[in-house]
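Novice: Got query_12.pdb for you, PDB, C-alpha atoms and all ligand atoms:
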```
ATOM      1  CA  MET A 670      48.390  81.498  71.646
ATOM      2  CA  ALA A 671      45.056  83.307  71.168
ATOM      3  CA  ARG A 672      44.666  84.889  67.758
ATOM      4  CA  ARG A 673      44.678  88.688  67.707
ATOM      5  CA  LYS A 674      41.223  90.084  66.950
ATOM      6  CA  PRO A 675      41.184  91.971  63.624
ATOM      7  CA  LEU A 676      41.213  95.755  63.834
ATOM      8  CA  VAL A 677      37.969  96.740  62.119
ATOM      9  CA  VAL A 678      37.576 100.463  61.463
ATOM     10  CA  VAL A 679      33.964 101.545  60.910
ATOM     11  CA  THR A 680      33.561 104.966  59.323
ATOM     12  CA  ARG A 681      30.000 105.864  60.457
ATOM     13  CA  LYS A 682      27.685 105.243  63.396
ATOM     14  CA  LEU A 683      25.799 101.946  62.917
ATOM     15  CA  PRO A 684      22.724 100.619  64.775
ATOM     16  CA  ASP A 685      23.519  99.830  68.427
ATOM     17  CA  THR A 686      22.940  96.065  68.085
ATOM     18  CA  VAL A 687      25.377  95.910  65.174
ATOM     19  CA  GLU A 688      28.023  97.871  67.071
ATOM     20  CA  THR A 689      27.615  95.637  70.142
ATOM     21  CA  ARG A 690      28.179  92.498  68.027
ATOM     22  CA  MET A 691      31.175  94.098  66.345
ATOM     23  CA  ARG A 692      32.698  94.986  69.708
ATOM     24  CA  GLU A 693      32.270  91.382  70.864
ATOM     25  CA  LEU A 694      33.797  89.847  67.767
ATOM     26  CA  PHE A 695      36.453  92.290  66.643
ATOM     27  CA  ASP A 696      38.807  94.957  67.851
ATOM     28  CA  ALA A 697      36.266  97.450  66.550
ATOM     29  CA  GLN A 698      37.036 101.137  66.153
ATOM     30  CA  LEU A 699      33.594 102.724  65.975
ATOM     31  CA  ASN A 700      32.529 106.233  65.037
ATOM     32  CA  HIS A 701      30.144 107.187  67.851
ATOM     33  CA  ASP A 702      29.765 110.824  66.859
ATOM     34  CA  ASP A 703      28.910 109.902  63.276
ATOM     35  CA  ILE A 704      31.076 112.667  61.893
ATOM     36  CA  PRO A 705      31.910 111.617  58.312
ATOM     37  CA  MET A 706      35.633 110.976  57.895
ATOM     38  CA  ASP A 707      37.530 113.362  55.654
ATOM     39  CA  GLN A 708      40.166 112.070  53.263
ATOM     40  CA  ALA A 709      42.972 112.411  55.818
ATOM     41  CA  ALA A 710      41.013 110.336  58.344
ATOM     42  CA  LEU A 711      40.249 107.703  55.705
ATOM     43  CA  VAL A 712      43.934 107.494  54.822
ATOM     44  CA  GLU A 713      44.751 107.097  58.515
ATOM     45  CA  ALA A 714      42.136 104.327  58.729
ATOM     46  CA  VAL A 715      43.413 102.322  55.746
ATOM     47  CA  LYS A 716      46.976 102.615  57.059
ATOM     48  CA  ARG A 717      46.060 100.931  60.348
ATOM     49  CA  ALA A 718      43.028  98.700  59.772
ATOM     50  CA  ASP A 719      42.856  95.002  58.976
ATOM     51  CA  VAL A 720      39.317  95.583  57.764
ATOM     52  CA  LEU A 721      37.670  98.845  56.720
ATOM     53  CA  VAL A 722      33.877  99.177  56.940
ATOM     54  CA  PRO A 723      32.982 102.240  54.849
ATOM     55  CA  THR A 724      29.554 103.440  53.777
ATOM     56  CA  LEU A 725      28.473 105.045  50.537
ATOM     57  CA  THR A 726      29.463 108.497  51.856
ATOM     58  CA  ASP A 727      33.169 107.528  51.958
ATOM     59  CA  ARG A 728      35.121 107.924  48.753
ATOM     60  CA  ILE A 729      37.610 105.051  48.757
ATOM     61  CA  ASP A 730      39.476 106.016  45.620
ATOM     62  CA  ASN A 731      42.888 105.101  44.302
ATOM     63  CA  ALA A 732      44.520 107.972  46.228
ATOM     64  CA  VAL A 733      43.208 106.565  49.519
ATOM     65  CA  LEU A 734      43.947 102.956  48.583
ATOM     66  CA  SER A 735      47.516 103.790  47.578
ATOM     67  CA  GLN A 736      48.141 104.649  51.255
ATOM     68  CA  ALA A 737      46.759 101.336  52.565
ATOM     69  CA  GLY A 738      48.929  99.466  55.013
ATOM     70  CA  GLU A 739      49.928  95.848  54.475
ATOM     71  CA  ASN A 740      47.329  94.691  57.006
ATOM     72  CA  LEU A 741      44.354  95.940  55.031
ATOM     73  CA  ARG A 742      42.965  92.821  53.383
ATOM     74  CA  LEU A 743      39.224  93.491  53.338
ATOM     75  CA  ILE A 744      36.863  96.379  52.630
ATOM     76  CA  ALA A 745      33.477  95.219  53.912
ATOM     77  CA  SER A 746      31.214  97.996  52.722
ATOM     78  CA  PHE A 747      28.032  98.778  54.621
ATOM     79  CA  SER A 748      26.172  99.327  51.349
ATOM     80  CA  ASN A 749      24.653  97.605  48.397
ATOM     81  CA  GLY A 750      26.176  99.922  45.786
ATOM     82  CA  VAL A 751      29.962 100.009  45.536
ATOM     83  CA  ASP A 752      30.406 103.016  43.258
ATOM     84  CA  HIS A 753      32.133 104.883  46.102
ATOM     85  CA  ILE A 754      34.998 102.356  46.006
ATOM     86  CA  ASP A 755      37.618 101.996  43.291
ATOM     87  CA  VAL A 756      37.072  98.234  43.222
ATOM     88  CA  ALA A 757      39.610  97.607  40.444
ATOM     89  CA  SER A 758      42.309  99.409  42.413
ATOM     90  CA  ALA A 759      41.439  97.510  45.607
ATOM     91  CA  LEU A 760      41.506  94.132  43.871
ATOM     92  CA  ALA A 761      44.792  94.969  42.153
ATOM     93  CA  ARG A 762      46.246  95.563  45.621
ATOM     94  CA  GLY A 763      44.989  92.180  46.828
ATOM     95  CA  ILE A 764      42.220  93.736  48.933
ATOM     96  CA  THR A 765      38.900  91.874  48.876
ATOM     97  CA  VAL A 766      35.727  93.974  48.653
ATOM     98  CA  THR A 767      32.288  92.918  49.909
ATOM     99  CA  ASN A 768      28.866  94.611  49.963
ATOM    100  CA  THR A 769      25.414  93.910  51.424
ATOM    101  CA  PRO A 770      23.124  92.813  48.579
ATOM    102  CA  GLY A 771      19.645  91.387  49.071
ATOM    103  CA  VAL A 772      18.701  92.889  52.421
ATOM    104  CA  LEU A 773      17.748  96.321  51.014
ATOM    105  CA  THR A 774      15.648  94.972  48.181
ATOM    106  CA  GLU A 775      12.151  95.098  49.637
ATOM    107  CA  ASP A 776      12.617  98.430  51.452
ATOM    108  CA  THR A 777      14.017 100.124  48.357
ATOM    109  CA  ALA A 778      11.232  98.662  46.208
ATOM    110  CA  ASP A 779       8.656 100.003  48.708
ATOM    111  CA  MET A 780      10.126 103.484  48.431
ATOM    112  CA  THR A 781      10.226 103.260  44.644
ATOM    113  CA  MET A 782       6.567 102.312  44.636
ATOM    114  CA  ALA A 783       5.815 105.160  47.046
ATOM    115  CA  LEU A 784       7.373 107.625  44.578
ATOM    116  CA  ILE A 785       5.598 106.015  41.614
ATOM    117  CA  LEU A 786       2.337 106.680  43.450
ATOM    118  CA  SER A 787       3.218 110.044  45.002
ATOM    119  CA  VAL A 788       4.246 111.973  41.941
ATOM    120  CA  PRO A 789       1.293 111.391  39.550
ATOM    121  CA  ARG A 790      -1.198 111.516  42.464
ATOM    122  CA  ARG A 791       0.316 114.762  43.865
ATOM    123  CA  LEU A 792       0.740 113.509  47.444
ATOM    124  CA  ALA A 793       3.370 116.015  48.556
ATOM    125  CA  GLU A 794       1.470 118.898  46.950
ATOM    126  CA  GLY A 795      -1.778 117.895  48.631
ATOM    127  CA  SER A 796      -0.118 117.574  52.014
ATOM    128  CA  GLN A 797       1.443 121.002  51.518
ATOM    129  CA  VAL A 798      -2.000 122.555  51.060
ATOM    130  CA  LEU A 799      -2.870 121.563  54.602
ATOM    131  CA  LEU A 800       0.531 122.344  56.085
ATOM    132  CA  GLY A 801       1.051 125.688  54.303
ATOM    133  CA  GLU A 802       1.045 129.092  55.987
ATOM    134  CA  GLN A 803      -2.315 130.131  54.578
ATOM    135  CA  ASP A 804      -5.587 128.323  55.017
ATOM    136  CA  ASP A 805      -5.508 127.079  51.424
ATOM    137  CA  TRP A 806      -8.193 124.400  51.524
ATOM    138  CA  SER A 807     -11.713 125.540  50.894
ATOM    139  CA  GLY A 808     -13.053 121.993  50.603
ATOM    140  CA  TRP A 809     -13.525 119.264  48.018
ATOM    141  CA  SER A 810     -14.009 120.262  44.399
ATOM    142  CA  PRO A 811     -14.635 118.132  41.286
ATOM    143  CA  THR A 812     -11.841 119.811  39.342
ATOM    144  CA  TRP A 813      -9.204 120.451  41.988
ATOM    145  CA  MET A 814      -5.952 118.525  42.693
ATOM    146  CA  LEU A 815      -6.440 116.176  39.791
ATOM    147  CA  GLY A 816      -3.502 113.864  39.319
ATOM    148  CA  ARG A 817      -3.018 111.146  36.730
ATOM    149  CA  ARG A 818      -4.326 107.576  37.022
ATOM    150  CA  ILE A 819      -1.732 104.905  37.783
ATOM    151  CA  TRP A 820      -3.785 101.839  36.905
ATOM    152  CA  GLY A 821      -3.274 100.594  33.343
ATOM    153  CA  LYS A 822      -0.235 102.778  32.671
ATOM    154  CA  ARG A 823       3.085 101.501  31.317
ATOM    155  CA  LEU A 824       5.993 101.292  33.754
ATOM    156  CA  GLY A 825       9.481 100.948  32.248
ATOM    157  CA  ILE A 826      12.033  99.596  34.699
ATOM    158  CA  ILE A 827      15.689 100.223  33.893
ATOM    159  CA  GLY A 828      17.708  97.473  35.586
ATOM    160  CA  MET A 829      15.831  94.261  36.345
ATOM    161  CA  GLY A 830      17.975  92.900  39.176
ATOM    162  CA  ARG A 831      16.604  92.109  42.614
ATOM    163  CA  ILE A 832      15.229  95.595  43.255
ATOM    164  CA  GLY A 833      13.801  96.035  39.751
ATOM    165  CA  GLN A 834      11.959  92.721  40.070
ATOM    166  CA  ALA A 835      10.636  93.643  43.522
ATOM    167  CA  VAL A 836       9.330  96.909  42.048
ATOM    168  CA  ALA A 837       7.697  94.958  39.220
ATOM    169  CA  ARG A 838       5.910  92.648  41.687
ATOM    170  CA  ARG A 839       4.474  95.625  43.562
ATOM    171  CA  ALA A 840       3.606  97.571  40.419
ATOM    172  CA  ARG A 841       1.615  94.673  38.973
ATOM    173  CA  ALA A 842      -0.614  94.757  42.034
ATOM    174  CA  PHE A 843      -1.367  98.405  41.196
ATOM    175  CA  GLY A 844      -2.408  97.457  37.668
ATOM    176  CA  LEU A 845       0.668  98.811  35.907
ATOM    177  CA  GLN A 846       1.923  97.115  32.746
ATOM    178  CA  ILE A 847       5.508  96.049  33.311
ATOM    179  CA  HIS A 848       8.237  96.723  30.759
ATOM    180  CA  TYR A 849      11.965  96.552  31.364
ATOM    181  CA  HIS A 850      15.375  97.157  29.890
ATOM    182  CA  ASN A 851      18.319  95.163  31.198
ATOM    183  CA  ARG A 852      21.682  93.982  29.948
ATOM    184  CA  ARG A 853      20.076  90.572  29.439
ATOM    185  CA  PRO A 854      16.436  89.445  29.375
ATOM    186  CA  LEU A 855      15.214  87.581  32.464
ATOM    187  CA  PRO A 856      14.826  83.807  32.266
ATOM    188  CA  GLY A 857      11.518  83.010  30.539
ATOM    189  CA  ALA A 858       9.772  81.695  33.671
ATOM    190  CA  VAL A 859      10.663  84.801  35.713
ATOM    191  CA  GLU A 860       9.567  87.116  32.913
ATOM    192  CA  GLU A 861       6.315  85.213  32.608
ATOM    193  CA  ALA A 862       5.632  85.314  36.348
ATOM    194  CA  LEU A 863       6.132  89.093  36.332
ATOM    195  CA  GLU A 864       4.200  89.475  33.068
ATOM    196  CA  ALA A 865       7.061  91.713  32.003
ATOM    197  CA  THR A 866       8.007  92.752  28.474
ATOM    198  CA  TYR A 867      11.715  93.017  27.635
ATOM    199  CA  TRP A 868      13.049  95.877  25.518
ATOM    200  CA  ASP A 869      16.485  95.358  24.058
ATOM    201  CA  SER A 870      16.461  98.995  22.955
ATOM    202  CA  LEU A 871      16.296 101.451  25.864
ATOM    203  CA  ASP A 872      15.535 104.260  23.406
ATOM    204  CA  GLN A 873      12.476 102.486  22.063
ATOM    205  CA  MET A 874      11.231 101.607  25.532
ATOM    206  CA  LEU A 875      11.584 105.180  26.786
ATOM    207  CA  ALA A 876       9.455 106.522  23.951
ATOM    208  CA  ARG A 877       6.514 104.307  24.962
ATOM    209  CA  MET A 878       6.484 104.542  28.774
ATOM    210  CA  ASP A 879       4.258 106.573  31.105
ATOM    211  CA  ILE A 880       6.545 106.102  34.112
ATOM    212  CA  VAL A 881      10.243 105.178  34.061
ATOM    213  CA  SER A 882      11.942 103.813  37.161
ATOM    214  CA  VAL A 883      15.731 103.706  37.477
ATOM    215  CA  ASN A 884      16.831 100.609  39.386
ATOM    216  CA  CYS A 885      20.264  99.826  37.982
ATOM    217  CA  PRO A 886      23.619 100.343  39.730
ATOM    218  CA  HIS A 887      25.863 103.284  38.908
ATOM    219  CA  THR A 888      28.845 102.024  36.912
ATOM    220  CA  PRO A 889      30.920 103.667  34.156
ATOM    221  CA  ALA A 890      28.471 102.064  31.693
ATOM    222  CA  THR A 891      25.354 103.543  33.350
ATOM    223  CA  PHE A 892      26.684 107.065  34.067
ATOM    224  CA  HIS A 893      24.111 109.451  32.511
ATOM    225  CA  LEU A 894      22.329 106.489  30.939
ATOM    226  CA  LEU A 895      19.315 108.791  30.947
ATOM    227  CA  SER A 896      21.133 111.484  28.973
ATOM    228  CA  ALA A 897      19.574 114.666  27.581
ATOM    229  CA  ARG A 898      19.065 112.875  24.266
ATOM    230  CA  ARG A 899      17.324 109.912  25.861
ATOM    231  CA  LEU A 900      15.161 112.022  28.180
ATOM    232  CA  LYS A 901      13.930 113.863  25.093
ATOM    233  CA  LEU A 902      12.650 110.553  23.699
ATOM    234  CA  MET A 903      10.143 110.302  26.545
ATOM    235  CA  LYS A 904       6.546 111.471  26.319
ATOM    236  CA  ARG A 905       5.786 114.940  27.712
ATOM    237  CA  GLU A 906       3.226 113.370  30.072
ATOM    238  CA  ALA A 907       5.726 110.838  31.452
ATOM    239  CA  TYR A 908       7.263 110.666  34.926
ATOM    240  CA  VAL A 909      10.768 109.605  36.045
ATOM    241  CA  VAL A 910      11.533 107.930  39.363
ATOM    242  CA  ASN A 911      15.057 107.279  40.661
ATOM    243  CA  THR A 912      15.922 105.372  43.833
ATOM    244  CA  ALA A 913      19.232 103.982  42.483
ATOM    245  CA  ARG A 914      21.980 106.579  42.051
ATOM    246  CA  GLY A 915      21.775 110.205  40.940
ATOM    247  CA  GLU A 916      24.581 109.742  38.441
ATOM    248  CA  VAL A 917      22.474 107.452  36.236
ATOM    249  CA  ILE A 918      20.424 110.493  35.121
ATOM    250  CA  ASP A 919      21.829 113.694  33.639
ATOM    251  CA  GLU A 920      20.289 115.748  36.445
ATOM    252  CA  ASN A 921      20.774 119.137  34.763
ATOM    253  CA  ALA A 922      19.066 117.906  31.607
ATOM    254  CA  LEU A 923      16.208 116.431  33.639
ATOM    255  CA  THR A 924      15.804 119.671  35.574
ATOM    256  CA  ARG A 925      15.714 121.745  32.379
ATOM    257  CA  MET A 926      13.056 119.479  30.886
ATOM    258  CA  LEU A 927      10.906 119.610  34.012
ATOM    259  CA  GLU A 928      11.185 123.406  34.072
ATOM    260  CA  ALA A 929      10.185 123.568  30.413
ATOM    261  CA  GLY A 930       7.218 121.230  30.937
ATOM    262  CA  GLU A 931       8.786 118.635  28.622
ATOM    263  CA  LEU A 932       8.238 115.956  31.274
ATOM    264  CA  ALA A 933       5.306 115.747  33.694
ATOM    265  CA  GLY A 934       7.253 115.161  36.886
ATOM    266  CA  ALA A 935       9.881 113.230  38.784
ATOM    267  CA  GLY A 936      10.355 111.420  42.075
ATOM    268  CA  LEU A 937      13.985 111.461  43.165
ATOM    269  CA  ASP A 938      15.522 109.827  46.230
ATOM    270  CA  VAL A 939      19.095 110.229  44.948
ATOM    271  CA  PHE A 940      21.112 113.087  43.451
ATOM    272  CA  GLU A 941      24.300 113.608  41.512
ATOM    273  CA  GLN A 942      26.079 115.726  44.144
ATOM    274  CA  GLU A 943      24.724 114.391  47.460
ATOM    275  CA  PRO A 944      24.131 115.879  49.946
ATOM    276  CA  ALA A 945      23.837 118.987  47.735
ATOM    277  CA  VAL A 946      20.586 119.240  45.803
ATOM    278  CA  ASN A 947      20.213 121.440  42.736
ATOM    279  CA  PRO A 948      18.255 124.553  43.921
ATOM    280  CA  LYS A 949      16.226 124.408  40.709
ATOM    281  CA  LEU A 950      14.974 120.960  41.702
ATOM    282  CA  LEU A 951      14.055 122.314  45.132
ATOM    283  CA  ARG A 952      12.075 125.094  43.433
ATOM    284  CA  LEU A 953      10.273 122.517  41.271
ATOM    285  CA  ALA A 954       9.469 120.550  44.429
ATOM    286  CA  ARG A 955       7.920 123.659  46.000
ATOM    287  CA  GLN A 956       5.810 124.015  42.855
ATOM    288  CA  GLY A 957       4.712 120.399  43.286
ATOM    289  CA  LYS A 958       6.261 119.155  40.021
ATOM    290  CA  VAL A 959       8.714 116.803  41.719
ATOM    291  CA  VAL A 960       8.943 114.850  44.951
ATOM    292  CA  LEU A 961      12.414 114.837  46.491
ATOM    293  CA  LEU A 962      13.649 112.569  49.276
ATOM    294  CA  PRO A 963      17.067 112.637  50.993
ATOM    295  CA  HIS A 964      18.404 109.198  49.914
ATOM    296  CA  MET A 965      16.211 107.211  52.286
ATOM    297  CA  GLY A 966      15.117 104.384  49.969
ATOM    298  CA  SER A 967      16.529 101.660  52.173
ATOM    299  CA  ALA A 968      16.252 103.521  55.478
ATOM    300  CA  THR A 969      14.449 101.111  57.794
ATOM    301  CA  LEU A 970      15.772  99.992  61.159
ATOM    302  CA  GLU A 971      15.374  96.344  60.133
ATOM    303  CA  GLY A 972      17.245  96.931  56.887
ATOM    304  CA  ARG A 973      20.168  98.648  58.576
ATOM    305  CA  VAL A 974      20.468  95.862  61.173
ATOM    306  CA  ASP A 975      20.384  93.265  58.374
ATOM    307  CA  MET A 976      23.095  95.202  56.517
ATOM    308  CA  GLY A 977      25.230  95.191  59.662
ATOM    309  CA  GLU A 978      24.727  91.437  60.045
ATOM    310  CA  LYS A 979      25.861  90.930  56.450
ATOM    311  CA  VAL A 980      28.981  93.003  57.075
ATOM    312  CA  ILE A 981      29.763  90.901  60.159
ATOM    313  CA  VAL A 982      29.273  87.596  58.325
ATOM    314  CA  ASN A 983      31.497  88.797  55.497
ATOM    315  CA  ILE A 984      34.259  89.803  57.909
ATOM    316  CA  LYS A 985      34.021  86.626  60.007
ATOM    317  CA  THR A 986      34.009  84.348  56.962
ATOM    318  CA  PHE A 987      36.977  86.156  55.473
ATOM    319  CA  MET A 988      38.901  86.081  58.760
ATOM    320  CA  ASP A 989      38.220  82.340  59.034
ATOM    321  CA  GLY A 990      40.033  81.922  55.729
ATOM    322  CA  HIS A 991      36.981  81.388  53.515
ATOM    323  CA  ARG A 992      35.503  83.269  50.597
ATOM    324  CA  PRO A 993      33.026  85.831  51.982
ATOM    325  CA  PRO A 994      29.483  85.411  50.634
ATOM    326  CA  ASP A 995      29.167  88.916  49.198
ATOM    327  CA  ARG A 996      32.489  89.262  47.428
ATOM    328  CA  VAL A 997      32.398  91.976  44.758
ATOM    329  CA  LEU A 998      33.814  90.665  41.504
ATOM    330  CA  PRO A 999      35.811  92.785  39.029
TER
HETATM  331  C1  LIG B   1      23.134 101.334  49.154
HETATM  332  O1  LIG B   1      23.525 100.729  50.152
HETATM  333  O2  LIG B   1      23.722 101.265  48.079
HETATM  334  C2  LIG B   1      21.880 102.137  49.235
HETATM  335  O3  LIG B   1      21.843 103.111  48.264
HETATM  336  C3  LIG B   1      21.692 102.742  50.605
HETATM  337  O4  LIG B   1      20.453 103.368  50.620
END
```
In structure tokens, write the structure found in this file.

Specialist:
Amino acid sequence: MARRKPLVVVTRKLPDTVETRMRELFDAQLNHDDIPMDQAALVEAVKRADVLVPTLTDRIDNAVLSQAGENLRLIASFSNGVDHIDVASALARGITVTNTPGVLTEDTADMTMALILSVPRRLAEGSQVLLGEQDDWSGWSPTWMLGRRIWGKRLGIIGMGRIGQAVARRARAFGLQIHYHNRRPLPGAVEEALEATYWDSLDQMLARMDIVSVNCPHTPATFHLLSARRLKLMKREAYVVNTARGEVIDENALTRMLEAGELAGAGLDVFEQEPAVNPKLLRLARQGKVVLLPHMGSATLEGRVDMGEKVIVNIKTFMDGHRPPDRVLP
């Protein structure tokens, strides 16, 4: 007798090629209208599905998981980060969790580098001069629109995993000196190849850096890692860039310091209360002190298709009775 195809519930619209493959392989319930599921719809999904494919906009917490039906054996997240899933609760219920690491690395590192360049060199502000209502540009001037030089400055990377290392590779080409803080130092050969200096003490690193880039995941241990106290350790002329998760920085403290001129600027692709953005940050962006992007660090067509492929491989491998390649460990 032919095996029943697994019921795979996908919470958001995915690229067409990914959806076509999913339809071929699974009994796929797709979300064509891309209307984010509310909690009731998520509960309905976990009650019926064999596999749930959420994205980072779906909060799969203990309340949702406690309603899961017996069939739900796998949560194959269409995301690298898994902070939207109560992984411990899922694992305790015998539900395997997978993610999509590796395929977002280069795109996210590109966007990080773009912010590292944009903020000190005032890209958004300059563009705004030309796009603004008034004719604000009266021509080149020796003293106008002066940013800060990137070359030779110290970049402190918080979190030296795949993305942090990809940022370091790019930053070296721009003449930045690479420093990093991580739970553990990199193996000697990797550190040497990146010409990177390890700081065991985040506090000490922060005090010395010109630009700080957040590239670590959001976990209970990294929530508000850049706290008000730590942000105050940074130089007034320093910049902060975040393409990881908003929650790693105390956003209110950062905003206050930017308003007070206690930090030179920030480039933020992620926020604590997405999709809401603190109006004070928006005001700072209009003044040109910060560059804000709507969580688009990994948003390339190629990246999204690769993420979809990873999700499919994880589901297929799991359904074939094997350990999926991107299993999230406790
Ligand atoms: C992820 O998948 O965790 C990324 O933040 C998406 O941009």

Novice: Give me the residues within 9 Å of Asn740 of chain A as an mmCIF file with C-alpha atoms, in the frame of the given file, counting only C-alpha atoms and dropping any in the same chain fewer than 4 places off.

Specialist:
```
data_model
loop_
_atom_site.group_PDB
_atom_site.id
_atom_site.type_symbol
_atom_site.label_atom_id
_atom_site.label_comp_id
_atom_site.auth_asym_id
_atom_site.auth_seq_id
_atom_site.Cartn_x
_atom_site.Cartn_y
_atom_site.Cartn_z
ATOM 1 C CA VAL A 715 43.413 102.322 55.746
ATOM 2 C CA LYS A 716 46.976 102.615 57.059
ATOM 3 C CA ARG A 717 46.060 100.931 60.348
ATOM 4 C CA ALA A 718 43.028 98.700 59.772
ATOM 5 C CA ASP A 719 42.856 95.002 58.976
ATOM 6 C CA VAL A 720 39.317 95.583 57.764
#
```

Novice: Using the chain letters and numbers from the file, give me the residues hit by the PyMOL selection byres (((chain A and resi 940) around 10) and not hetatm), as an mmCIF file with C-alpha atoms, in the frame of the given file.

Specialist:
```cif
data_model
loop_
_atom_site.group_PDB
_atom_site.id
_atom_site.type_symbol
_atom_site.label_atom_id
_atom_site.label_comp_id
_atom_site.auth_asym_id
_atom_site.auth_seq_id
_atom_site.Cartn_x
_atom_site.Cartn_y
_atom_site.Cartn_z
ATOM 1 C CA ASN A 911 15.057 107.279 40.661
ATOM 2 C CA THR A 912 15.922 105.372 43.833
ATOM 3 C CA ALA A 913 19.232 103.982 42.483
ATOM 4 C CA ARG A 914 21.980 106.579 42.051
ATOM 5 C CA GLY A 915 21.775 110.205 40.940
ATOM 6 C CA GLU A 916 24.581 109.742 38.441
ATOM 7 C CA VAL A 917 22.474 107.452 36.236
ATOM 8 C CA ILE A 918 20.424 110.493 35.121
ATOM 9 C CA ASP A 919 21.829 113.694 33.639
ATOM 10 C CA GLU A 920 20.289 115.748 36.445
ATOM 11 C CA LEU A 937 13.985 111.461 43.165
ATOM 12 C CA ASP A 938 15.522 109.827 46.230
ATOM 13 C CA VAL A 939 19.095 110.229 44.948
ATOM 14 C CA GLU A 941 24.300 113.608 41.512
ATOM 15 C CA GLN A 942 26.079 115.726 44.144
ATOM 16 C CA GLU A 943 24.724 114.391 47.460
ATOM 17 C CA PRO A 944 24.131 115.879 49.946
ATOM 18 C CA ALA A 945 23.837 118.987 47.735
ATOM 19 C CA VAL A 946 20.586 119.240 45.803
ATOM 20 C CA ASN A 947 20.213 121.440 42.736
ATOM 21 C CA LEU A 961 12.414 114.837 46.491
ATOM 22 C CA LEU A 962 13.649 112.569 49.276
ATOM 23 C CA PRO A 963 17.067 112.637 50.993
ATOM 24 C CA HIS A 964 18.404 109.198 49.914
#
```

Novice: Produce a table with one row for each residue of chain A that has an atom at most 8 Å from any atom of ligand LIG 1 (chain B), each row naming the nearest atom pair and its distance in Å at one decimal; use all atoms listed in the file; arrange rows by chain and rising residue number; format as JSON lines.

Specialist:
```
{"residue": "A:Thr724", "atom": "CA", "partner": "B:LIG1", "partner_atom": "O1", "distance": 7.5}
{"residue": "A:Leu725", "atom": "CA", "partner": "B:LIG1", "partner_atom": "O2", "distance": 6.5}
{"residue": "A:Phe747", "atom": "CA", "partner": "B:LIG1", "partner_atom": "O1", "distance": 6.6}
{"residue": "A:Ser748", "atom": "CA", "partner": "B:LIG1", "partner_atom": "O1", "distance": 3.2}
{"residue": "A:Asn749", "atom": "CA", "partner": "B:LIG1", "partner_atom": "O1", "distance": 3.8}
{"residue": "A:Gly750", "atom": "CA", "partner": "B:LIG1", "partner_atom": "O2", "distance": 3.6}
{"residue": "A:Val751", "atom": "CA", "partner": "B:LIG1", "partner_atom": "O2", "distance": 6.9}
{"residue": "A:Thr769", "atom": "CA", "partner": "B:LIG1", "partner_atom": "O1", "distance": 7.2}
{"residue": "A:Leu773", "atom": "CA", "partner": "B:LIG1", "partner_atom": "O1", "distance": 7.3}
{"residue": "A:Thr777", "atom": "CA", "partner": "B:LIG1", "partner_atom": "O4", "distance": 7.6}
{"residue": "A:Thr912", "atom": "CA", "partner": "B:LIG1", "partner_atom": "O3", "distance": 7.7}
{"residue": "A:Ala913", "atom": "CA", "partner": "B:LIG1", "partner_atom": "O3", "distance": 6.4}
{"residue": "A:Arg914", "atom": "CA", "partner": "B:LIG1", "partner_atom": "O3", "distance": 7.1}
{"residue": "A:His964", "atom": "CA", "partner": "B:LIG1", "partner_atom": "O4", "distance": 6.2}
{"residue": "A:Met965", "atom": "CA", "partner": "B:LIG1", "partner_atom": "O4", "distance": 6.0}
{"residue": "A:Gly966", "atom": "CA", "partner": "B:LIG1", "partner_atom": "O4", "distance": 5.5}
{"residue": "A:Ser967", "atom": "CA", "partner": "B:LIG1", "partner_atom": "O4", "distance": 4.6}
{"residue": "A:Ala968", "atom": "CA", "partner": "B:LIG1", "partner_atom": "O4", "distance": 6.4}
```

Novice: Report, in Å with one decimal, the straight-line distance from atom CA of Ala714 of chain A to atom CA of Ile729 of chain A.

Specialist: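 Computed distance, atom CA of Ala714 of chain A to atom CA of Ile729 of chain A, equals 11.0 Å.
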
Novice: What residues have an atom no more than 12 Å from (4.7, 88.4, 29.7) in the file's own frame, counting all atoms listed in the file, and can you write them as number ranges by chain?

Specialist: A: 837, 841, 846-849, 854-868

Novice: Give me, as CSV, each residue of segment 719-747 of chain A that comes within 10 Å of segment 696-711 of chain A, together with its shortest interatomic pair and the distance in Å at one decimal, counting all atoms listed in the file, with rows ordered by chain and rising residue number.

Specialist:
```
residue,atom,partner,partner_atom,distance
A:Asp719,CA,A:Asp696,CA,9.8
A:Val720,CA,A:Ala697,CA,9.5
A:Leu721,CA,A:Leu711,CA,9.3
A:Val722,CA,A:Leu699,CA,9.7
A:Pro723,CA,A:Leu711,CA,9.1
A:Thr724,CA,A:Pro705,CA,9.6
A:Thr726,CA,A:Pro705,CA,7.6
A:Asp727,CA,A:Met706,CA,7.3
A:Arg728,CA,A:Gln708,CA,7.9
A:Ile729,CA,A:Leu711,CA,7.9
A:Asp730,CA,A:Gln708,CA,9.8
A:Ala732,CA,A:Gln708,CA,9.2
A:Val733,CA,A:Leu711,CA,7.0
A:Leu734,CA,A:Leu711,CA,9.3
A:Gln736,CA,A:Leu711,CA,9.6
A:Ala737,CA,A:Leu711,CA,9.6
```

Novice: Between A:Pro770, A:Gly833, A:Asn731, A:Leu800, which one has atoms that come closest to Val756 of chain A, using only C-alpha atoms?

Specialist: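 Selected residue with least distance to Val756 of chain A: A:Asn731.
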
Novice: To one decimal in Å, tell me the separation between atom CA of His991 of chain A and atom CA of Leu743 of chain A.

Specialist: 12.3 Å

Novice: As an exercise, work out the distance from atom CA of Met780 of chain A to atom CA of Leu951 of chain A in Å and give it to one decimal place.

Specialist: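 Distance reported for this atom pair: 19.5 Å.
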
Novice: For a quick check of understanding, using all atoms listed in the file, which of A:Ser807, A:Ser746, A:Tyr908, A:Ile819 has the smallest distance to Arg681 of chain A?

Specialist: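 The shortest atom-to-atom distance to Arg681 of chain A comes from A:Ser746.
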